[in-house]
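K.L.:
Just so it is clear, I am handing over input16.cif, which has mmCIF, C-alpha atoms.
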data_entry
#
loop_
_atom_site.label_atom_id
_atom_site.label_comp_id
_atom_site.auth_asym_id
_atom_site.auth_seq_id
_atom_site.Cartn_x
_atom_site.Cartn_y
_atom_site.Cartn_z
CA MET A 1 96.85 60.79 164.49
CA LYS A 2 97.91 57.69 166.44
CA PHE A 3 94.39 56.23 166.22
CA ARG A 4 94.26 56.79 162.46
CA SER A 5 97.67 55.17 162.00
CA LYS A 6 96.60 52.17 164.05
CA VAL A 7 93.46 51.67 161.98
CA THR A 8 95.42 52.06 158.76
CA HIS A 9 98.09 49.51 159.62
CA SER A 10 95.99 47.04 161.62
CA LEU A 11 94.46 44.28 159.50
CA ARG A 12 91.68 43.77 162.03
CA GLY A 13 90.92 47.50 162.23
CA ARG A 14 91.06 47.91 158.46
CA LEU A 15 88.64 45.04 157.85
CA LEU A 16 86.25 46.22 160.55
CA TRP A 17 86.23 49.85 159.41
CA TYR A 18 85.84 49.00 155.73
CA LEU A 19 83.08 46.43 156.32
CA LEU A 20 81.19 48.66 158.76
CA ALA A 21 81.55 51.60 156.38
CA ALA A 22 80.24 49.39 153.55
CA ILE A 23 77.22 48.40 155.67
CA THR A 24 76.51 52.05 156.52
CA ILE A 25 76.86 53.18 152.93
CA ALA A 26 74.62 50.34 151.76
CA ALA A 27 71.98 51.36 154.35
CA LEU A 28 72.12 54.99 153.23
CA ALA A 29 71.88 53.94 149.59
CA GLN A 30 68.90 51.73 150.44
CA ALA A 31 67.26 54.66 152.24
CA SER A 32 67.80 56.93 149.23
CA ILE A 33 66.47 54.31 146.83
CA ALA A 34 63.46 53.60 149.06
CA TYR A 35 62.63 57.31 149.33
CA ARG A 36 62.94 57.91 145.60
CA THR A 37 60.87 54.84 144.82
CA ALA A 38 58.17 55.87 147.30
CA LEU A 39 58.16 59.42 145.92
CA HIS A 40 57.84 58.13 142.37
CA ASP A 41 54.95 55.84 143.37
CA ALA A 42 53.26 58.69 145.29
CA ASP A 43 53.58 60.98 142.26
CA GLN A 44 51.93 58.42 140.04
CA ILE A 45 49.12 57.70 142.50
CA PHE A 46 48.36 61.37 143.25
CA ASP A 47 48.63 62.39 139.61
CA TYR A 48 46.12 59.69 138.72
CA HIS A 49 43.81 60.81 141.54
CA MET A 50 44.03 64.47 140.48
CA GLN A 51 43.28 63.49 136.91
CA GLN A 52 40.24 61.43 137.90
CA MET A 53 38.98 64.24 140.17
CA ALA A 54 39.25 66.79 137.36
CA LEU A 55 37.48 64.45 134.91
CA SER A 56 34.69 63.80 137.41
CA LEU A 57 34.13 67.57 137.83
CA ARG A 58 33.93 68.02 134.09
CA SER A 59 30.31 68.70 132.98
CA GLY A 60 28.51 69.50 129.77
CA THR A 61 26.68 72.39 131.51
CA PRO A 62 28.17 75.02 133.79
CA LEU A 63 28.03 74.02 137.43
CA SER A 64 26.85 76.39 140.12
CA ASN A 65 29.08 77.05 143.10
CA THR A 66 26.91 74.81 145.30
CA GLU A 67 26.92 71.93 142.81
CA ALA A 68 30.68 72.18 142.32
CA ARG A 69 31.33 72.23 146.07
CA ALA A 70 29.15 69.17 146.55
CA ARG A 71 31.06 67.21 143.88
CA VAL A 72 34.45 68.24 145.31
CA GLU A 73 33.39 67.19 148.81
CA ALA A 74 32.19 63.87 147.41
CA GLN A 75 35.55 63.27 145.72
CA THR A 76 37.60 64.08 148.81
CA GLU A 77 35.34 62.55 151.46
CA GLY A 78 37.19 59.93 153.52
CA SER A 79 40.30 60.16 151.41
CA GLY A 80 42.18 62.59 153.59
CA ASN A 81 42.88 64.73 150.55
CA ASP A 82 41.76 68.02 152.07
CA ASP A 83 45.08 69.37 150.79
CA MET A 84 43.63 69.44 147.28
CA VAL A 85 42.86 72.85 145.80
CA VAL A 86 40.17 73.00 143.11
CA GLN A 87 39.38 76.01 140.88
CA MET A 88 36.82 76.32 138.11
CA TRP A 89 36.36 79.02 135.49
CA SER A 90 33.62 79.81 133.03
CA PRO A 91 34.44 80.08 129.31
CA ASP A 92 34.72 83.88 129.66
CA GLY A 93 37.41 83.55 132.38
CA VAL A 94 35.25 84.20 135.43
CA GLN A 95 36.10 82.02 138.42
CA VAL A 96 32.95 80.20 139.39
CA PHE A 97 34.43 78.01 142.12
CA HIS A 98 37.40 77.87 144.51
CA SER A 99 37.68 75.18 147.16
CA VAL A 100 38.12 76.17 150.78
CA SER A 101 41.88 76.60 151.11
CA ARG A 102 44.41 79.21 152.15
CA ALA A 103 46.46 78.49 149.04
CA LYS A 104 46.23 81.29 146.48
CA LEU A 105 47.09 79.91 143.05
CA PRO A 106 47.61 82.05 139.97
CA GLN A 107 44.47 82.81 138.01
CA ARG A 108 45.62 80.96 134.93
CA ALA A 109 45.64 77.39 133.84
CA VAL A 110 48.09 75.40 131.74
CA LEU A 111 46.30 72.40 130.30
CA GLY A 112 47.65 69.05 131.52
CA PHE A 113 50.17 68.63 134.33
CA SER A 114 52.50 71.40 135.46
CA ASN A 115 54.37 72.58 138.53
CA VAL A 116 53.48 76.02 139.87
CA LYS A 117 55.39 77.92 142.53
CA ALA A 118 53.19 80.01 144.82
CA ASN A 119 53.11 80.99 148.46
CA ASN A 120 56.75 79.90 148.91
CA THR A 121 55.93 76.33 147.90
CA VAL A 122 55.51 74.27 144.76
CA TYR A 123 52.16 72.87 143.66
CA ARG A 124 51.44 70.03 141.27
CA VAL A 125 48.61 71.25 139.01
CA PHE A 126 46.36 69.42 136.55
CA SER A 127 44.03 71.45 134.30
CA ILE A 128 41.34 70.32 131.85
CA GLN A 129 39.03 72.42 129.65
CA THR A 130 35.57 71.75 128.19
CA GLU A 131 33.18 73.90 126.18
CA ASN A 132 31.50 75.19 129.32
CA GLN A 133 34.28 75.39 131.94
CA THR A 134 37.92 74.94 132.88
CA VAL A 135 38.75 72.74 135.86
CA GLN A 136 42.04 72.98 137.76
CA VAL A 137 43.15 70.61 140.57
CA ALA A 138 46.31 71.40 142.55
CA GLN A 139 48.23 69.76 145.40
CA ASP A 140 51.17 70.88 147.53
CA LEU A 141 54.21 68.69 146.66
CA ALA A 142 55.23 68.74 150.33
CA VAL A 143 52.37 66.32 150.97
CA ARG A 144 53.87 63.87 148.54
CA ARG A 145 57.34 64.24 150.03
CA ASN A 146 55.97 63.63 153.53
CA MET A 147 54.17 60.51 152.39
CA ALA A 148 57.27 59.25 150.55
CA GLY A 149 59.35 59.85 153.68
CA ASN A 150 56.90 57.90 155.83
CA LEU A 151 56.86 55.00 153.38
CA ALA A 152 60.67 55.00 153.22
CA LEU A 153 60.92 54.97 157.03
CA ARG A 154 58.59 51.98 157.19
CA THR A 155 60.78 50.20 154.65
CA LEU A 156 63.99 51.09 156.49
CA GLY A 157 62.70 50.15 159.92
CA PRO A 158 63.81 46.50 159.67
CA ILE A 159 67.12 47.58 158.14
CA ALA A 160 67.76 49.97 161.02
CA VAL A 161 67.12 47.13 163.46
CA MET A 162 69.35 44.68 161.54
CA MET A 163 72.28 47.07 161.06
CA PRO A 164 73.63 46.83 164.64
CA ILE A 165 73.14 43.06 164.58
CA LEU A 166 74.95 42.81 161.24
CA MET A 167 77.79 44.98 162.56
CA LEU A 168 78.17 42.75 165.61
CA VAL A 169 78.23 39.67 163.37
CA VAL A 170 80.93 41.27 161.18
CA TRP A 171 83.00 42.17 164.24
CA TRP A 172 82.65 38.62 165.60
CA VAL A 173 83.57 36.98 162.27
CA VAL A 174 86.59 39.24 161.63
CA SER A 175 87.89 38.87 165.16
CA GLY A 176 87.43 35.11 165.11
CA SER A 177 89.11 34.80 161.71
CA LEU A 178 92.17 36.71 162.93
CA ASP A 179 92.50 34.82 166.21
CA PRO A 180 94.89 32.24 164.65
CA VAL A 181 97.17 35.09 163.57
CA ALA A 182 97.20 36.44 167.12
CA ARG A 183 97.93 32.94 168.38
CA VAL A 184 100.93 32.63 166.06
CA ARG A 185 102.16 36.04 167.19
CA SER A 186 101.85 34.95 170.83
CA GLN A 187 103.74 31.73 170.12
CA VAL A 188 106.61 33.59 168.48
CA ALA A 189 106.65 36.39 171.08
CA SER A 190 106.84 33.96 174.02
CA ARG A 191 109.80 32.00 172.66
CA GLN A 192 113.32 32.03 173.94
CA ALA A 193 116.07 33.17 171.60
CA ASP A 194 117.31 29.60 171.07
CA ASP A 195 113.86 28.05 170.54
CA LEU A 196 113.69 27.38 166.80
CA SER A 197 111.02 24.67 166.83
CA PRO A 198 108.27 24.90 164.16
CA VAL A 199 105.24 27.09 164.79
CA SER A 200 101.95 25.19 164.96
CA GLU A 201 99.86 25.41 161.77
CA ALA A 202 96.67 24.04 163.36
CA GLY A 203 93.54 26.02 162.54
CA LEU A 204 95.29 28.57 160.35
CA PRO A 205 93.40 29.98 157.36
CA ASP A 206 94.70 29.22 153.87
CA GLU A 207 95.96 32.79 153.45
CA VAL A 208 98.12 32.65 156.58
CA ARG A 209 99.34 29.04 156.43
CA PRO A 210 101.93 29.67 153.63
CA LEU A 211 103.44 32.49 155.69
CA VAL A 212 103.79 30.24 158.73
CA GLN A 213 105.20 27.45 156.56
CA GLU A 214 107.86 29.79 155.19
CA LEU A 215 108.55 30.96 158.74
CA ASN A 216 109.06 27.36 159.82
CA LEU A 217 111.41 26.78 156.88
CA LEU A 218 113.34 29.87 157.96
CA PHE A 219 113.49 28.54 161.51
CA GLY A 220 114.81 25.27 160.12
CA ARG A 221 117.54 27.01 158.15
CA VAL A 222 118.50 29.17 161.12
CA LYS A 223 118.55 26.09 163.38
CA THR A 224 120.83 24.28 160.93
CA ALA A 225 123.14 27.29 160.73
CA PHE A 226 123.09 27.68 164.52
CA GLU A 227 123.95 24.02 165.06
CA ALA A 228 126.71 24.24 162.45
CA GLN A 229 128.09 27.30 164.21
CA GLN A 230 128.03 25.53 167.56
CA THR A 231 129.78 22.52 166.05
CA PHE A 232 132.31 24.78 164.38
CA VAL A 233 133.06 26.65 167.61
CA ALA A 234 133.38 23.42 169.55
CA ASP A 235 135.68 21.87 166.95
CA ALA A 236 137.75 25.04 166.67
CA ALA A 237 138.16 25.24 170.44
CA HIS A 238 139.22 21.61 170.54
CA GLU A 239 141.68 21.91 167.68
CA LEU A 240 143.19 25.18 168.91
CA ARG A 241 143.85 23.68 172.32
CA THR A 242 146.50 21.29 170.96
CA PRO A 243 148.68 23.80 169.06
CA LEU A 244 148.43 26.31 171.88
CA ALA A 245 149.56 23.67 174.37
CA ALA A 246 152.42 22.76 172.02
CA LEU A 247 153.44 26.43 171.78
CA ARG A 248 153.49 26.63 175.56
CA LEU A 249 155.76 23.60 175.80
CA GLN A 250 158.07 24.95 173.10
CA ALA A 251 158.26 28.27 174.89
CA GLN A 252 159.22 26.45 178.09
CA SER A 253 161.85 24.48 176.15
CA LEU A 254 163.27 27.75 174.83
CA ASP A 255 163.37 29.12 178.37
CA ARG A 256 165.25 26.04 179.62
CA ALA A 257 167.75 25.95 176.70
CA ASP A 258 171.26 26.56 178.10
CA THR A 259 173.32 26.34 174.92
CA PRO A 260 173.09 28.27 171.65
CA GLU A 261 172.43 25.04 169.75
CA ALA A 262 169.57 24.04 172.05
CA ARG A 263 168.16 27.57 171.93
CA LYS A 264 168.31 27.52 168.11
CA VAL A 265 166.41 24.24 167.97
CA ALA A 266 163.82 25.52 170.43
CA VAL A 267 163.34 28.72 168.44
CA SER A 268 162.96 26.69 165.24
CA ARG A 269 160.32 24.48 166.83
CA LEU A 270 158.51 27.48 168.32
CA THR A 271 158.46 29.22 164.93
CA ALA A 272 157.12 26.08 163.26
CA GLY A 273 154.43 25.79 165.94
CA ILE A 274 153.44 29.42 165.46
CA ASP A 275 153.24 28.84 161.71
CA ARG A 276 150.97 25.83 162.21
CA ALA A 277 148.74 27.75 164.62
CA THR A 278 148.63 30.68 162.21
CA ARG A 279 147.69 28.37 159.36
CA LEU A 280 144.95 26.78 161.46
CA VAL A 281 143.49 30.15 162.44
CA GLU A 282 143.62 31.34 158.83
CA GLN A 283 141.77 28.22 157.66
CA LEU A 284 139.20 28.63 160.42
CA LEU A 285 138.58 32.23 159.40
CA VAL A 286 138.30 31.25 155.74
CA LEU A 287 135.79 28.52 156.59
CA ALA A 288 133.77 30.89 158.76
CA ARG A 289 133.71 33.56 156.05
CA GLN A 290 132.65 31.05 153.41
CA GLU A 291 129.79 29.75 155.53
CA ALA A 292 128.67 33.30 156.32
CA ALA A 293 128.84 34.32 152.64
CA ALA A 294 126.87 31.29 151.44
CA THR A 295 123.72 33.36 150.87
CA SER A 296 124.98 36.94 151.03
CA THR A 297 127.05 37.09 147.84
CA ALA A 298 125.35 37.13 144.45
CA ALA A 299 126.55 34.75 141.77
CA ARG A 300 127.92 36.01 138.45
CA PRO A 301 129.77 34.53 135.45
CA VAL A 302 133.32 33.42 136.39
CA ASP A 303 136.04 32.48 133.90
CA LEU A 304 137.54 29.33 135.44
CA THR A 305 140.41 29.17 132.95
CA ASP A 306 141.57 32.66 133.86
CA LEU A 307 141.11 31.84 137.55
CA ALA A 308 143.29 28.71 137.14
CA ARG A 309 146.08 30.76 135.52
CA ARG A 310 145.97 33.28 138.38
CA THR A 311 146.11 30.49 140.96
CA VAL A 312 149.17 28.92 139.35
CA ALA A 313 150.87 32.32 139.19
CA ASP A 314 150.09 32.99 142.87
CA LEU A 315 151.59 29.67 144.02
CA ALA A 316 154.50 29.44 141.60
CA GLY A 317 156.89 30.85 144.20
CA VAL A 318 155.76 28.33 146.86
CA ALA A 319 156.18 25.44 144.40
CA ALA A 320 159.61 26.62 143.29
CA ALA A 321 160.79 26.91 146.90
CA LYS A 322 159.86 23.27 147.44
CA GLY A 323 161.13 22.10 144.05
CA VAL A 324 157.72 21.15 142.66
CA ASP A 325 156.90 21.75 139.01
CA ILE A 326 153.37 23.19 138.64
CA GLY A 327 151.56 24.18 135.48
CA ILE A 328 148.34 24.05 133.46
CA GLN A 329 147.88 20.75 131.63
CA GLN A 330 144.76 21.80 129.67
CA ALA A 331 142.89 25.11 129.46
CA ASP A 332 139.56 24.98 127.60
CA PRO A 333 137.38 28.11 127.64
CA ALA A 334 135.05 27.67 130.63
CA VAL A 335 132.60 30.06 132.30
CA VAL A 336 130.40 29.10 135.26
CA GLU A 337 127.95 30.96 137.51
CA GLY A 338 129.41 31.48 140.95
CA GLN A 339 131.24 33.64 143.46
CA PRO A 340 134.72 34.60 142.18
CA ASP A 341 136.38 34.86 145.62
CA ALA A 342 135.03 31.48 146.77
CA LEU A 343 136.09 29.73 143.55
CA HIS A 344 139.53 31.29 143.85
CA ILE A 345 139.85 29.84 147.37
CA LEU A 346 138.70 26.44 146.05
CA LEU A 347 141.37 26.33 143.31
CA ARG A 348 144.04 27.76 145.58
CA ASN A 349 143.42 25.16 148.28
CA LEU A 350 143.46 22.31 145.73
CA VAL A 351 146.75 23.43 144.20
CA ASP A 352 148.25 24.27 147.60
CA ASN A 353 147.41 20.76 148.87
CA ALA A 354 148.97 19.24 145.73
CA ILE A 355 152.18 21.21 146.29
CA LYS A 356 152.21 20.43 150.03
CA TYR A 357 151.93 16.65 149.61
CA THR A 358 154.17 16.35 146.53
CA PRO A 359 157.80 15.58 147.35
CA ALA A 360 160.65 17.69 145.95
CA GLY A 361 161.19 17.11 142.24
CA GLY A 362 157.57 16.10 141.79
CA THR A 363 154.81 17.57 139.58
CA ALA A 364 151.43 19.19 140.24
CA ASP A 365 149.17 20.14 137.35
CA ILE A 366 145.75 21.75 136.95
CA SER A 367 143.49 21.28 133.95
CA VAL A 368 140.21 22.90 132.90
CA ARG A 369 138.22 21.13 130.21
CA ASN A 370 134.73 20.98 128.78
CA ASP A 371 133.22 17.52 128.81
CA ALA A 372 129.70 16.71 127.57
CA GLY A 373 128.19 20.03 128.60
CA GLN A 374 130.06 20.15 131.90
CA THR A 375 133.14 22.00 133.06
CA VAL A 376 135.66 19.76 134.80
CA VAL A 377 138.56 21.09 136.88
CA THR A 378 141.21 18.51 137.84
CA VAL A 379 144.23 19.02 140.10
CA GLU A 380 146.62 16.05 140.14
CA ASP A 381 150.05 15.46 141.64
CA SER A 382 152.80 12.89 141.92
CA GLY A 383 152.55 12.60 145.69
CA PRO A 384 151.56 9.59 147.82
CA GLY A 385 147.82 10.09 147.25
CA ILE A 386 145.07 9.07 149.69
CA PRO A 387 144.04 5.47 150.34
CA PRO A 388 140.55 4.68 148.95
CA GLU A 389 139.14 3.96 152.44
CA GLU A 390 140.21 7.42 153.62
CA ARG A 391 138.88 9.48 150.69
CA GLU A 392 135.46 10.16 152.19
CA ARG A 393 136.69 10.94 155.70
CA VAL A 394 139.22 13.56 154.59
CA PHE A 395 136.31 15.92 153.88
CA ASP A 396 135.49 16.03 157.61
CA ARG A 397 136.75 19.03 159.50
CA PHE A 398 140.11 18.62 161.25
CA TYR A 399 140.55 15.07 159.95
CA ARG A 400 144.05 14.19 158.72
CA VAL A 401 145.31 10.97 157.18
CA ALA A 402 147.37 8.98 159.67
CA GLY A 403 151.08 9.09 158.94
CA SER A 404 150.92 12.26 156.86
CA GLU A 405 154.19 14.15 157.04
CA ALA A 406 152.95 17.45 155.59
CA ALA A 407 151.80 20.08 158.05
CA GLY A 408 148.13 20.96 157.89
CA SER A 409 144.99 21.75 159.85
CA GLY A 410 142.58 19.27 158.29
CA LEU A 411 140.32 22.07 157.04
CA GLY A 412 141.47 22.50 153.43
CA LEU A 413 139.28 19.80 151.88
CA ALA A 414 136.35 20.72 154.16
CA ILE A 415 136.50 24.26 152.79
CA ILE A 416 136.77 22.95 149.22
CA LYS A 417 133.76 20.69 149.71
CA ALA A 418 131.64 23.49 151.21
CA ILE A 419 132.41 25.80 148.28
CA ALA A 420 131.74 23.05 145.73
CA GLU A 421 128.36 22.20 147.29
CA ARG A 422 127.39 25.86 147.33
CA HIS A 423 128.03 26.00 143.56
CA CYS A 424 126.11 22.75 142.95
CA ALA A 425 129.35 21.11 141.84
CA SER A 426 130.50 17.57 142.61
CA LEU A 427 133.89 16.87 144.23
CA ALA A 428 135.63 13.52 143.84
CA LEU A 429 139.03 12.18 144.88
CA GLY A 430 140.84 9.48 142.97
CA GLN A 431 144.25 8.36 141.69
CA SER A 432 145.99 10.22 138.89
CA ALA A 433 146.59 7.87 135.97
CA ARG A 434 149.20 10.21 134.53
CA LEU A 435 151.18 11.26 137.63
CA GLY A 436 150.34 8.44 140.03
CA GLY A 437 149.35 10.62 142.98
CA LEU A 438 146.02 12.16 144.03
CA ALA A 439 143.56 13.51 141.47
CA ALA A 440 140.93 15.95 142.82
CA THR A 441 138.13 16.57 140.34
CA VAL A 442 135.46 19.28 140.58
CA THR A 443 132.62 19.07 138.04
CA PHE A 444 130.45 22.15 137.32
CA ARG A 445 127.28 22.31 135.31
CA THR A 446 127.82 24.65 132.38
CA PRO A 447 125.21 27.48 132.38
CA GLN A 448 122.68 27.30 129.57
CA ALA A 449 123.05 29.88 126.80
#
Rewrite the structure from the file as structure tokens, please.
P.N.:
Amino acid sequence: MKFRSKVTHSLRGRLLWYLLAAITIAALAQASIAYRTALHDADQIFDYHMQQMALSLRSGTPLSNTEARARVEAQTEGSGNDDMVVQMWSPDGVQVFHSVSRAKLPQRAVLGFSNVKANNTVYRVFSIQTENQTVQVAQDLAVRRNMAGNLALRTLGPIAVMMPILMLVVWWVVSGSLDPVARVRSQVASRQADDLSPVSEAGLPDEVRPLVQELNLLFGRVKTAFEAQQTFVADAAHELRTPLAALRLQAQSLDRADTPEARKVAVSRLTAGIDRATRLVEQLLVLARQEAAATSTAARPVDLTDLARRTVADLAGVAAAKGVDIGIQQADPAVVEGQPDALHILLRNLVDNAIKYTPAGGTADISVRNDAGQTVVTVEDSGPGIPPEERERVFDRFYRVAGSEAAGSGLGLAIIKAIAERHCASLALGQSARLGGLAATVTFRTPQA
């Protein structure tokens, strides 16, 4: 059972078995064809010889037994046809001649060719009749079969010699053709877990090269993801070190506080530090989840207008607590292909940033509009904005604009950018002409109907 399974699932074994079986079947078919052809030719030759022998024994006058025997011996002399049986009858049905043979044929004749079964064998019989006699010539069909078999063996002799040679050639060709596949397997099997360099394509057949090319592309994607993960872990470790050190210092300050007022200040600072650390960890987890879900979540139609309304409703309490007026400036019907959870995080982070950097009494608005076949989402505020020279750098992880008073981790815009790129959307930062602060614009391609 194990051997059969190995042959079935091994490409080398399958090719070898099928090709060798095809060669064997072809040889057997050739043997059958050669035998049938030889038998057909032997039938024609012997039938013609029997016919000519019977015609030569035909005479206008009855032959005596001596004369008939002399003619029969003359016909068969040197031909090796002593297997022929000859019988002759007079017009009144009296047998006048029977050749020397142990074969006992029926005492009747069917004119022309016929097959007669006698003595546990089959004879080929040819009979002819004249006015003076009836001549019958018969031959055992086993003689013809033996001759056909000998002729077929002579024909198949070269094939029998060539079959092993042909099988060896097939084995050599198949094994040599699959050697590149074994080489690729060895290259992959001998690699370390962190070795993601491309596999060599040298000498690969056209049928295998696309598979190796796709494997190399996969290695490239895995290498990129692995490097991004390493960078992320390194950055996260670096950024977490600062707030954790600050928490330690604040805890020590709380321990050294000797008055209620000092203890209250220390507790307030410790709570604020914990909040910042919590926010940083939350943003790190969100970024990690978004990068992990980049290819694992299927896209589906998402109503951006409805998503914008939900985002405003979710953050209305936060805005009210700070004294910021938020709302929807424009809400055109807009549906895009994407991941609902990721797009919700994108809008939430944009609006949350607008609220965070807008001073009390300010305004933050979101608008969704259709523009020339595209869906444009804009979040603008009346805050200080971002200087033009800083607008590209703020997309880097953990980067914060110098002098910014609002608490943050520097990951919000990095998360927004990653989600926008995954949805093939463009993200741009500018100045709001209406409110004077920052305007963050995300442009989606509208799906074709």
K.L.:
In terms of the shortest atom-to-atom distance over all atoms listed in the file, which of A:Asp206, A:Glu380, A:Asp43, A:Asp194 is closest to Ile328 (chain A)?
P.N.:
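For Ile328 (chain A), the nearest of the candidates is A:Glu380.
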K.L.:
Name the residues that the PyMOL selection byres ((chain A and resi 197) around 10) picks from the file above, as a list of chain:residue names, using the file's chain letters and numbers.
P.N.:
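Applying the expression gives A:Arg191, A:Asp194, A:Asp195, A:Leu196, A:Pro198, A:Val199, A:Ser200, A:Asn216, A:Phe219, A:Gly220, A:Lys223.
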K.L.:
Quote the spacing between CA of Ile159 (chain A) and CA of Ala27 (chain A) in Å to one decimal place.
P.N.:
7.2 Å
K.L.:
Please evaluate the PyMOL selection byres ((chain A and resi 445) around 12) against the displayed coordinates and give the resulting residues as a PDB file with C-alpha atoms, in the frame of the given file.
P.N.:
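Listed below is the output, result_15.pdb:
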ATOM      1  CA  ALA A 334     135.050  27.670 130.630  1.00  0.00           C
ATOM      2  CA  VAL A 335     132.600  30.060 132.300  1.00  0.00           C
ATOM      3  CA  VAL A 336     130.400  29.100 135.260  1.00  0.00           C
ATOM      4  CA  GLU A 337     127.950  30.960 137.510  1.00  0.00           C
ATOM      5  CA  GLY A 338     129.410  31.480 140.950  1.00  0.00           C
ATOM      6  CA  ASN A 370     134.730  20.980 128.780  1.00  0.00           C
ATOM      7  CA  ASP A 371     133.220  17.520 128.810  1.00  0.00           C
ATOM      8  CA  ALA A 372     129.700  16.710 127.570  1.00  0.00           C
ATOM      9  CA  GLY A 373     128.190  20.030 128.600  1.00  0.00           C
ATOM     10  CA  GLN A 374     130.060  20.150 131.900  1.00  0.00           C
ATOM     11  CA  THR A 375     133.140  22.000 133.060  1.00  0.00           C
ATOM     12  CA  VAL A 376     135.660  19.760 134.800  1.00  0.00           C
ATOM     13  CA  VAL A 377     138.560  21.090 136.880  1.00  0.00           C
ATOM     14  CA  ALA A 420     131.740  23.050 145.730  1.00  0.00           C
ATOM     15  CA  HIS A 423     128.030  26.000 143.560  1.00  0.00           C
ATOM     16  CA  CYS A 424     126.110  22.750 142.950  1.00  0.00           C
ATOM     17  CA  ALA A 425     129.350  21.110 141.840  1.00  0.00           C
ATOM     18  CA  SER A 426     130.500  17.570 142.610  1.00  0.00           C
ATOM     19  CA  VAL A 442     135.460  19.280 140.580  1.00  0.00           C
ATOM     20  CA  THR A 443     132.620  19.070 138.040  1.00  0.00           C
ATOM     21  CA  PHE A 444     130.450  22.150 137.320  1.00  0.00           C
ATOM     22  CA  THR A 446     127.820  24.650 132.380  1.00  0.00           C
ATOM     23  CA  PRO A 447     125.210  27.480 132.380  1.00  0.00           C
ATOM     24  CA  GLN A 448     122.680  27.300 129.570  1.00  0.00           C
TER      25      GLN A 448
END
K.L.:
Grab the CA of Tyr357 (chain A) to CA of Glu392 (chain A) distance for me, in Å with one decimal place.
P.N.:
17.9 Å
K.L.:
How many Å lie between CA of Gly323 (chain A) and CA of Gly361 (chain A), rounded to one decimal?
P.N.:
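One can read the CA of Gly323 (chain A) to CA of Gly361 (chain A) distance as 5.3 Å.
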K.L.:
Could you pull the residues within 9 Å of region 253-260 of chain A, counting only C-alpha atoms, minus those fewer than 6 positions along the same chain, as a PyMOL selection string?
P.N.:
chain A and resi 266-267+270
K.L.:
Expand the PyMOL selection byres ((chain A and resi 339) around 9) into the explicit residue set it covers here, and present it as a JSON list (two decimals) with C-alpha atoms, in the frame of the given file.
P.N.:
[["chain", "number", "residue", "atom", "x", "y", "z"],
["A", 297, "THR", "CA", 127.05, 37.09, 147.84],
["A", 298, "ALA", "CA", 125.35, 37.13, 144.45],
["A", 299, "ALA", "CA", 126.55, 34.75, 141.77],
["A", 300, "ARG", "CA", 127.92, 36.01, 138.45],
["A", 301, "PRO", "CA", 129.77, 34.53, 135.45],
["A", 302, "VAL", "CA", 133.32, 33.42, 136.39],
["A", 337, "GLU", "CA", 127.95, 30.96, 137.51],
["A", 338, "GLY", "CA", 129.41, 31.48, 140.95],
["A", 340, "PRO", "CA", 134.72, 34.60, 142.18],
["A", 341, "ASP", "CA", 136.38, 34.86, 145.62],
["A", 342, "ALA", "CA", 135.03, 31.48, 146.77],
["A", 343, "LEU", "CA", 136.09, 29.73, 143.55],
["A", 344, "HIS", "CA", 139.53, 31.29, 143.85],
["A", 423, "HIS", "CA", 128.03, 26.00, 143.56]]
K.L.:
Residues near Ser127 (chain A), anyone? I mean within 9 Å using all atoms listed in the file, not counting same-chain ones fewer than 5 positions away, as a PyMOL selection string.
P.N.:
chain A and resi 51+54+109-114+134-138
K.L.:
Tell me which of A:Leu11, A:Leu39, A:Ala152, A:Ile326 sits closest to Val181 (chain A), counting all atoms listed in the file.
P.N.:
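Nearest to Val181 (chain A): A:Leu11.
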